[in-house]
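S.K.: I am sharing work.pdb, which consists of PDB, C-alpha atoms:
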```pdb
ATOM      1  CA  MET G   3       6.633 176.884   8.672
ATOM      2  CA  SER G   4       3.079 175.691   8.421
ATOM      3  CA  ALA G   5       1.434 174.592  11.656
ATOM      4  CA  ASP G   6       0.321 171.430   9.820
ATOM      5  CA  PHE G   7       3.798 169.912   9.947
ATOM      6  CA  ALA G   8       5.799 168.807  12.940
ATOM      7  CA  PRO G   9       9.435 169.803  12.353
ATOM      8  CA  ILE G  10      11.455 166.948  10.884
ATOM      9  CA  ASN G  11      15.028 166.864   9.655
ATOM     10  CA  LEU G  12      15.736 164.418   6.849
ATOM     11  CA  THR G  13      19.382 165.417   6.328
ATOM     12  CA  ASN G  14      21.456 162.247   5.723
ATOM     13  CA  HIS G  15      18.314 160.272   4.816
ATOM     14  CA  PHE G  16      17.091 158.711   1.605
ATOM     15  CA  LEU G  17      13.819 159.753   0.035
ATOM     16  CA  ILE G  18      12.457 156.737  -1.813
ATOM     17  CA  ALA G  19       9.773 157.387  -4.403
ATOM     18  CA  MET G  20       6.561 155.499  -3.751
ATOM     19  CA  PRO G  21       5.844 152.983  -6.539
ATOM     20  CA  GLY G  22       2.847 155.048  -7.677
ATOM     21  CA  LEU G  23       4.928 158.199  -8.294
ATOM     22  CA  SER G  24       4.941 158.417 -12.085
ATOM     23  CA  ASP G  25       6.976 161.619 -12.486
ATOM     24  CA  GLU G  26       9.586 161.162 -15.262
ATOM     25  CA  LEU G  27      12.561 162.253 -13.145
ATOM     26  CA  PHE G  28      11.433 161.171  -9.696
ATOM     27  CA  GLY G  29       9.618 157.903 -10.507
ATOM     28  CA  ARG G  30      11.535 154.998  -8.858
ATOM     29  CA  SER G  31      14.133 157.455  -7.626
ATOM     30  CA  VAL G  32      16.253 157.439  -4.504
ATOM     31  CA  VAL G  33      17.293 160.897  -3.323
ATOM     32  CA  PHE G  34      20.097 161.444  -0.826
ATOM     33  CA  MET G  35      19.178 164.428   1.335
ATOM     34  CA  CYS G  36      22.161 166.750   1.745
ATOM     35  CA  GLU G  37      20.282 169.396   3.680
ATOM     36  CA  HIS G  38      16.831 169.802   5.208
ATOM     37  CA  SER G  39      15.674 172.647   7.405
ATOM     38  CA  GLU G  40      12.603 174.787   7.962
ATOM     39  CA  ARG G  41      13.658 176.805   4.883
ATOM     40  CA  GLY G  42      13.476 173.802   2.547
ATOM     41  CA  ALA G  43      15.501 170.826   1.337
ATOM     42  CA  LEU G  44      18.268 169.913  -1.104
ATOM     43  CA  GLY G  45      19.108 166.422  -2.329
ATOM     44  CA  LEU G  46      20.782 164.417  -5.084
ATOM     45  CA  VAL G  47      19.069 161.635  -7.051
ATOM     46  CA  ILE G  48      21.505 158.717  -6.719
ATOM     47  CA  ASN G  49      20.044 156.184  -9.154
ATOM     48  CA  LYS G  50      19.541 158.050 -12.455
ATOM     49  CA  PRO G  51      22.822 157.934 -14.418
ATOM     50  CA  SER G  52      23.293 160.148 -17.444
ATOM     51  CA  ASP G  53      25.020 158.901 -20.591
ATOM     52  CA  ILE G  54      28.184 160.832 -19.616
ATOM     53  CA  LEU G  55      31.097 159.085 -17.914
ATOM     54  CA  LEU G  56      33.293 161.002 -15.478
ATOM     55  CA  PRO G  57      36.309 161.374 -17.843
ATOM     56  CA  ARG G  58      34.058 163.203 -20.334
ATOM     57  CA  LEU G  59      32.915 165.623 -17.622
ATOM     58  CA  PHE G  60      36.550 166.267 -16.767
ATOM     59  CA  GLU G  61      37.272 167.043 -20.442
ATOM     60  CA  LYS G  62      34.428 169.586 -20.428
ATOM     61  CA  VAL G  63      36.136 171.501 -17.610
ATOM     62  CA  ASP G  64      39.606 171.188 -19.186
ATOM     63  CA  LEU G  65      40.899 168.565 -16.772
ATOM     64  CA  ARG G  66      42.307 165.113 -17.419
ATOM     65  CA  MET G  67      41.092 162.226 -15.273
ATOM     66  CA  GLY G  68      44.008 161.090 -13.147
ATOM     67  CA  ARG G  69      42.360 158.100 -11.501
ATOM     68  CA  ASP G  70      41.709 154.818 -13.290
ATOM     69  CA  ASP G  71      39.339 153.708 -10.501
ATOM     70  CA  LEU G  72      36.883 156.430 -11.582
ATOM     71  CA  ALA G  73      37.146 155.993 -15.367
ATOM     72  CA  LYS G  74      33.874 154.080 -15.730
ATOM     73  CA  LEU G  75      31.910 156.065 -13.158
ATOM     74  CA  PRO G  76      28.773 157.650 -14.652
ATOM     75  CA  VAL G  77      27.774 161.220 -14.001
ATOM     76  CA  PHE G  78      24.277 161.197 -12.522
ATOM     77  CA  GLN G  79      21.210 163.345 -13.130
ATOM     78  CA  GLY G  80      21.049 164.750  -9.621
ATOM     79  CA  GLY G  81      17.820 166.652 -10.151
ATOM     80  CA  PRO G  82      16.128 169.309 -12.256
ATOM     81  CA  VAL G  83      17.822 172.398 -10.704
ATOM     82  CA  GLN G  84      21.101 173.818 -12.101
ATOM     83  CA  THR G  85      21.626 170.857 -14.436
ATOM     84  CA  GLU G  86      24.760 172.435 -15.893
ATOM     85  CA  ARG G  87      26.457 172.569 -12.483
ATOM     86  CA  GLY G  88      28.454 169.722 -10.959
ATOM     87  CA  PHE G  89      27.924 168.378  -7.459
ATOM     88  CA  VAL G  90      30.420 165.966  -5.879
ATOM     89  CA  LEU G  91      29.203 163.889  -2.951
ATOM     90  CA  HIS G  92      32.135 162.271  -1.146
ATOM     91  CA  GLU G  93      33.396 160.934   2.124
ATOM     92  CA  ALA G  94      34.602 163.692   4.430
ATOM     93  CA  VAL G  95      38.154 164.716   3.657
ATOM     94  CA  SER G  96      38.799 167.249   6.352
ATOM     95  CA  GLY G  97      41.524 168.625   8.481
ATOM     96  CA  GLU G  98      40.865 170.273  11.833
ATOM     97  CA  GLY G  99      37.094 170.060  11.412
ATOM     98  CA  GLU G 100      36.946 171.951   8.108
ATOM     99  CA  SER G 101      36.750 170.585   4.601
ATOM    100  CA  VAL G 102      39.839 170.853   2.445
ATOM    101  CA  TYR G 103      37.668 171.979  -0.514
ATOM    102  CA  ALA G 104      35.947 175.297  -1.090
ATOM    103  CA  SER G 105      32.138 175.470  -1.357
ATOM    104  CA  THR G 106      31.594 172.319   0.700
ATOM    105  CA  LEU G 107      28.543 171.395   2.731
ATOM    106  CA  SER G 108      29.342 169.041   5.615
ATOM    107  CA  ILE G 109      26.545 166.521   6.068
ATOM    108  CA  PRO G 110      26.025 164.827   9.439
ATOM    109  CA  GLY G 111      26.998 161.171   9.072
ATOM    110  CA  GLY G 112      30.420 161.699   7.491
ATOM    111  CA  LEU G 113      29.711 162.865   3.935
ATOM    112  CA  GLU G 114      30.376 166.173   2.220
ATOM    113  CA  MET G 115      28.946 167.750  -0.918
ATOM    114  CA  THR G 116      31.308 169.996  -2.840
ATOM    115  CA  THR G 117      30.444 172.282  -5.737
ATOM    116  CA  SER G 118      33.855 173.848  -6.381
ATOM    117  CA  LYS G 119      36.268 172.784  -9.102
ATOM    118  CA  ASP G 120      39.101 172.149  -6.621
ATOM    119  CA  VAL G 121      37.725 168.707  -5.723
ATOM    120  CA  LEU G 122      37.826 167.778  -9.444
ATOM    121  CA  GLU G 123      41.357 169.174  -9.705
ATOM    122  CA  ALA G 124      42.419 166.951  -6.792
ATOM    123  CA  MET G 125      40.852 163.935  -8.520
ATOM    124  CA  ALA G 126      42.556 164.893 -11.798
ATOM    125  CA  SER G 127      45.933 164.835 -10.042
ATOM    126  CA  GLY G 128      45.283 161.293  -8.796
ATOM    127  CA  ALA G 129      44.252 162.384  -5.294
ATOM    128  CA  GLY G 130      40.934 163.537  -3.873
ATOM    129  CA  PRO G 131      38.296 161.607  -1.984
ATOM    130  CA  ARG G 132      38.407 157.822  -2.415
ATOM    131  CA  ARG G 133      34.661 157.308  -2.913
ATOM    132  CA  VAL G 134      32.777 159.881  -4.972
ATOM    133  CA  PHE G 135      29.366 160.381  -6.525
ATOM    134  CA  VAL G 136      29.141 163.092  -9.191
ATOM    135  CA  SER G 137      25.934 164.615 -10.496
ATOM    136  CA  LEU G 138      24.814 167.431 -12.695
ATOM    137  CA  GLY G 139      21.938 169.242 -11.041
ATOM    138  CA  TYR G 140      20.127 168.718  -7.775
ATOM    139  CA  ALA G 141      16.616 168.430  -6.388
ATOM    140  CA  SER G 142      15.173 171.057  -4.096
ATOM    141  CA  TRP G 143      11.995 171.722  -2.185
ATOM    142  CA  GLY G 144      10.735 175.018  -0.783
ATOM    143  CA  GLN G 145       9.581 175.616   2.770
ATOM    144  CA  GLY G 146       7.087 172.906   3.752
ATOM    145  CA  GLN G 147       6.969 171.409   0.232
ATOM    146  CA  LEU G 148       8.797 168.170   1.044
ATOM    147  CA  GLU G 149       6.780 167.640   4.217
ATOM    148  CA  SER G 150       3.620 168.083   2.167
ATOM    149  CA  GLU G 151       4.768 165.542  -0.445
ATOM    150  CA  ILE G 152       5.562 163.036   2.311
ATOM    151  CA  THR G 153       2.089 163.391   3.828
ATOM    152  CA  GLU G 154       0.646 162.873   0.325
ATOM    153  CA  ASN G 155       2.456 159.485   0.175
ATOM    154  CA  SER G 156       4.900 160.479  -2.570
ATOM    155  CA  TRP G 157       8.001 159.495  -0.577
ATOM    156  CA  LEU G 158       9.214 156.994   1.976
ATOM    157  CA  THR G 159      12.156 158.003   4.170
ATOM    158  CA  VAL G 160      14.939 156.018   5.778
ATOM    159  CA  GLU G 161      18.348 156.823   7.222
ATOM    160  CA  ALA G 162      20.953 156.855   4.449
ATOM    161  CA  ASP G 163      23.556 154.143   3.949
ATOM    162  CA  PRO G 164      26.701 155.504   2.212
ATOM    163  CA  ASN G 165      27.503 152.039   0.823
ATOM    164  CA  LEU G 166      24.320 152.210  -1.240
ATOM    165  CA  ILE G 167      25.480 155.529  -2.761
ATOM    166  CA  PHE G 168      29.042 154.504  -3.547
ATOM    167  CA  ASP G 169      29.080 150.714  -3.908
ATOM    168  CA  ALA G 170      25.658 149.368  -4.919
ATOM    169  CA  PRO G 171      25.062 148.736  -8.638
ATOM    170  CA  VAL G 172      22.904 151.563  -9.994
ATOM    171  CA  GLU G 173      20.116 149.248 -11.160
ATOM    172  CA  GLU G 174      19.790 147.798  -7.621
ATOM    173  CA  ARG G 175      19.721 151.050  -5.642
ATOM    174  CA  TYR G 176      15.936 151.474  -5.563
ATOM    175  CA  GLU G 177      15.248 147.950  -4.267
ATOM    176  CA  ARG G 178      18.162 148.118  -1.834
ATOM    177  CA  ALA G 179      16.922 151.430  -0.466
ATOM    178  CA  MET G 180      13.474 149.864  -0.016
ATOM    179  CA  SER G 181      15.045 146.938   1.851
ATOM    180  CA  LEU G 182      16.481 149.408   4.387
ATOM    181  CA  LEU G 183      12.853 149.821   5.491
ATOM    182  CA  GLY G 184      12.871 146.347   7.027
ATOM    183  CA  GLY G 185      12.584 144.158   3.949
ATOM    184  CA  LEU G 186       9.865 146.210   2.262
ATOM    185  CA  GLN G 187       9.592 145.590  -1.478
ATOM    186  CA  PRO G 188       7.945 147.906  -4.039
ATOM    187  CA  TRP G 189       5.248 145.347  -4.912
ATOM    188  CA  MET G 190       4.071 145.353  -1.294
ATOM    189  CA  LEU G 191       2.957 148.982  -1.524
ATOM    190  CA  SER G 192      -0.290 150.113  -3.052
ATOM    191  CA  PRO G 193       0.246 153.062  -5.383
ATOM    192  CA  ASP G 194      -2.901 154.680  -3.992
ATOM    193  CA  ALA G 195      -2.242 154.420  -0.269
ATOM    194  CA  GLY G 196      -4.362 156.822   1.710
ATOM    195  CA  HIS G 197      -4.754 158.146   5.207
ATOM    196  CA  ALA G 198      -6.722 156.403   7.937
TER
END
```
Starting from the coordinates I provided, produce the structure as structure tokens.
M.R.:
Amino acid sequence: MSADFAPINLTNHFLIAMPGLSDELFGRSVVFMCEHSERGALGLVINKPSDILLPRLFEKVDLRMGRDDLAKLPVFQGGPVQTERGFVLHEAVSGEGESVYASTLSIPGGLEMTTSKDVLEAMASGAGPRRVFVSLGYASWGQGQLESEITENSWLTVEADPNLIFDAPVEERYERAMSLLGGLQPWMLSPDAGHA
């Protein structure tokens, strides 16, 4: 870890792209941070839907969608890494302190991120977690990279609100994430903010 950065842990936080960030994938994005440590960070972009709906993803893995409540749910572009792999962010469904699904990362704050097919199989049978967010791919940062981007004014950070992930209309997620910063709106921020 570079001596330039005080250790921070942004697990269970949102990264909100600064208005001046013009990157095609990350411009106006909100990233839910699943894991952040001195080794790096992993997150899912929660406001960039693909043109695939969840039932189509299920067909691709030879499953039939067993839940009408998820039939119109889009699959999201979670980030540029492993874009062929599915990631399911969901409320914790655990027994005795351990997740009921294989390959699950427990996230402080009550969410879990599962990469194994068994969570999809549970959903196909009509069960599974009640609220889900499904993406293909994820975003990652190497050691010190995210901290560097934050000091360069690429990202704002705020504690995550699960309701924004699961319930907010996709087109409102960026502004709603900004409002978690105490009513801040994108137009209030200069795209070329600097350091004093």
S.K.: Against segment 13-22 of chain G, which residues of segment 55-144 of chain G fall within 9 Å? For each one I want the closest pair of atoms and the distance in Å (one decimal), counting only C-alpha atoms, rows by chain and increasing residue number, as a tab-separated table.
M.R.:
```
residue	atom	partner	partner_atom	distance
G:Ile109	CA	G:Asn14	CA	6.7
G:Pro110	CA	G:Asn14	CA	6.4
G:Gly111	CA	G:Asn14	CA	6.6
G:Leu113	CA	G:Asn14	CA	8.5
```
S.K.: Once the PyMOL selection byres ((chain G and resi 136) around 6) has been applied to the shown file, what residues remain in the selection, as a count of residues only?
M.R.: 5
S.K.: Given the file shown, determine the residues that the PyMOL selection byres ((chain G and resi 104) around 10) selects; report them as a PyMOL selection string.
M.R.: chain G and resi 100-103+105-107+116-121
S.K.: Quick one: everything within 12 Å of Met125 of chain G, counting all atoms listed in the file, minus sequence neighbours fewer than 6 positions away in the same chain. Send it as a list in words.
M.R.: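 Contacts, in chain order: Leu56, Pro57, Phe60, Leu65, Arg66, Met67, Gly68, Arg69, Asp70, Asp71, Leu72, Ala73, Val90, His92, Tyr103, Lys119, Pro131, Arg132, Arg133, Val134 and Val136 of chain G.
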S.K.: Given the choices G:Val32, G:Leu182, G:Ile152, G:Ala170, which gets closest to Ile10 of chain G if the distance is worked out from all atoms listed in the file?
M.R.: G:Ile152
S.K.: What's around Asp53 of chain G at 12 Å? Count all atoms listed in the file, leave out sequence neighbours fewer than 5 positions away in its own chain, and write the answer as a PyMOL selection string.
M.R.: chain G and resi 58-59+74-79+137-138
S.K.: For the provided coordinates, the residues matched by the PyMOL selection byres ((chain G and resi 144) around 7) should be stated as a VMD selection string.
M.R.: chain G and resid 41 to 43 142 to 143 145 to 147
S.K.: One decimal, Å: what's the distance from atom CA of Leu55 of chain G over to atom CA of His38 of chain G, could you say?
M.R.: 29.2 Å
S.K.: For atom CA of Glu149 of chain G and atom CA of Gly80 of chain G, determine how far apart the two atoms are, in Å to one decimal place.
M.R.: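 Value for the atom CA of Glu149 of chain G-atom CA of Gly80 of chain G distance: 20.1 Å.
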S.K.: Write out as a PyMOL selection string the residues lying within 12 Å of segment 175-179 of chain G, counting all atoms listed in the file and excluding same-chain residues fewer than 6 positions away.
M.R.: chain G and resi 15-21+28-34+47-51+158-169+185-190
S.K.: Quote the spacing between atom CA of Glu37 of chain G and atom CA of Glu154 of chain G in Å to one decimal place.
M.R.: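 Answer for the atom CA of Glu37 of chain G to atom CA of Glu154 of chain G separation: 21.0 Å.
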S.K.: How big is the axis-aligned box, and where does its centre sit, when it encloses all atoms of segment 28-47 of chain G listed in the file and has 6 Å added on every side, reported in Å to one decimal as lines of an AutoDock Vina configuration file?
M.R.:
```
center_x = 15.9
center_y = 165.9
center_z = -1.3
size_x = 24.5
size_y = 33.8
size_z = 30.5
```
S.K.: Using the partial input, fill out segment 66-88 of chain G with N, CA and C atoms; write the result as a PDB file, in the coordinates of the input.
M.R.:
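After the write, out.pdb holds the following:
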```pdb
ATOM      1  N   ARG G  66      42.107 166.487 -16.982  1.00  0.00           N
ATOM      2  CA  ARG G  66      42.307 165.113 -17.419  1.00  0.00           C
ATOM      3  C   ARG G  66      42.131 164.209 -16.212  1.00  0.00           C
ATOM      4  N   MET G  67      41.350 163.153 -16.378  1.00  0.00           N
ATOM      5  CA  MET G  67      41.092 162.226 -15.273  1.00  0.00           C
ATOM      6  C   MET G  67      42.390 161.538 -14.877  1.00  0.00           C
ATOM      7  N   GLY G  68      42.763 161.677 -13.616  1.00  0.00           N
ATOM      8  CA  GLY G  68      44.008 161.090 -13.147  1.00  0.00           C
ATOM      9  C   GLY G  68      43.819 159.836 -12.323  1.00  0.00           C
ATOM     10  N   ARG G  69      42.613 159.291 -12.317  1.00  0.00           N
ATOM     11  CA  ARG G  69      42.360 158.100 -11.501  1.00  0.00           C
ATOM     12  C   ARG G  69      41.623 157.047 -12.303  1.00  0.00           C
ATOM     13  N   ASP G  70      42.299 155.927 -12.529  1.00  0.00           N
ATOM     14  CA  ASP G  70      41.709 154.818 -13.290  1.00  0.00           C
ATOM     15  C   ASP G  70      40.483 154.238 -12.589  1.00  0.00           C
ATOM     16  N   ASP G  71      40.459 154.293 -11.242  1.00  0.00           N
ATOM     17  CA  ASP G  71      39.339 153.708 -10.501  1.00  0.00           C
ATOM     18  C   ASP G  71      38.018 154.444 -10.755  1.00  0.00           C
ATOM     19  N   LEU G  72      38.090 155.650 -11.329  1.00  0.00           N
ATOM     20  CA  LEU G  72      36.883 156.430 -11.582  1.00  0.00           C
ATOM     21  C   LEU G  72      36.538 156.517 -13.071  1.00  0.00           C
ATOM     22  N   ALA G  73      37.299 155.839 -13.918  1.00  0.00           N
ATOM     23  CA  ALA G  73      37.146 155.993 -15.367  1.00  0.00           C
ATOM     24  C   ALA G  73      35.790 155.540 -15.901  1.00  0.00           C
ATOM     25  N   LYS G  74      35.164 154.587 -15.244  1.00  0.00           N
ATOM     26  CA  LYS G  74      33.874 154.080 -15.730  1.00  0.00           C
ATOM     27  C   LYS G  74      32.693 154.574 -14.899  1.00  0.00           C
ATOM     28  N   LEU G  75      32.959 155.531 -14.026  1.00  0.00           N
ATOM     29  CA  LEU G  75      31.910 156.065 -13.158  1.00  0.00           C
ATOM     30  C   LEU G  75      31.000 157.003 -13.958  1.00  0.00           C
ATOM     31  N   PRO G  76      29.677 156.743 -13.932  1.00  0.00           N
ATOM     32  CA  PRO G  76      28.773 157.650 -14.652  1.00  0.00           C
ATOM     33  C   PRO G  76      28.562 158.944 -13.872  1.00  0.00           C
ATOM     34  N   VAL G  77      28.236 159.976 -14.611  1.00  0.00           N
ATOM     35  CA  VAL G  77      27.774 161.220 -14.001  1.00  0.00           C
ATOM     36  C   VAL G  77      26.258 161.075 -13.908  1.00  0.00           C
ATOM     37  N   PHE G  78      25.697 161.412 -12.762  1.00  0.00           N
ATOM     38  CA  PHE G  78      24.277 161.197 -12.522  1.00  0.00           C
ATOM     39  C   PHE G  78      23.463 162.458 -12.780  1.00  0.00           C
ATOM     40  N   GLN G  79      22.171 162.252 -13.042  1.00  0.00           N
ATOM     41  CA  GLN G  79      21.210 163.345 -13.130  1.00  0.00           C
ATOM     42  C   GLN G  79      20.705 163.583 -11.712  1.00  0.00           C
ATOM     43  N   GLY G  80      21.330 164.540 -11.035  1.00  0.00           N
ATOM     44  CA  GLY G  80      21.049 164.750  -9.621  1.00  0.00           C
ATOM     45  C   GLY G  80      19.710 165.387  -9.323  1.00  0.00           C
ATOM     46  N   GLY G  81      19.109 166.001 -10.329  1.00  0.00           N
ATOM     47  CA  GLY G  81      17.820 166.652 -10.151  1.00  0.00           C
ATOM     48  C   GLY G  81      17.637 167.735 -11.196  1.00  0.00           C
ATOM     49  N   PRO G  82      16.472 168.379 -11.182  1.00  0.00           N
ATOM     50  CA  PRO G  82      16.128 169.309 -12.256  1.00  0.00           C
ATOM     51  C   PRO G  82      16.656 170.736 -12.076  1.00  0.00           C
ATOM     52  N   VAL G  83      17.349 171.037 -10.967  1.00  0.00           N
ATOM     53  CA  VAL G  83      17.822 172.398 -10.704  1.00  0.00           C
ATOM     54  C   VAL G  83      19.314 172.503 -11.028  1.00  0.00           C
ATOM     55  N   GLN G  84      19.704 173.555 -11.726  1.00  0.00           N
ATOM     56  CA  GLN G  84      21.101 173.818 -12.101  1.00  0.00           C
ATOM     57  C   GLN G  84      21.758 172.594 -12.742  1.00  0.00           C
ATOM     58  N   THR G  85      21.157 172.092 -13.792  1.00  0.00           N
ATOM     59  CA  THR G  85      21.626 170.857 -14.436  1.00  0.00           C
ATOM     60  C   THR G  85      22.957 171.020 -15.160  1.00  0.00           C
ATOM     61  N   GLU G  86      23.457 172.235 -15.275  1.00  0.00           N
ATOM     62  CA  GLU G  86      24.760 172.435 -15.893  1.00  0.00           C
ATOM     63  C   GLU G  86      25.870 172.497 -14.840  1.00  0.00           C
ATOM     64  N   ARG G  87      25.488 172.437 -13.572  1.00  0.00           N
ATOM     65  CA  ARG G  87      26.457 172.569 -12.483  1.00  0.00           C
ATOM     66  C   ARG G  87      26.753 171.214 -11.852  1.00  0.00           C
ATOM     67  N   GLY G  88      28.033 170.986 -11.548  1.00  0.00           N
ATOM     68  CA  GLY G  88      28.454 169.722 -10.959  1.00  0.00           C
ATOM     69  C   GLY G  88      28.400 169.724  -9.445  1.00  0.00           C
TER      70      GLY G  88
END
```
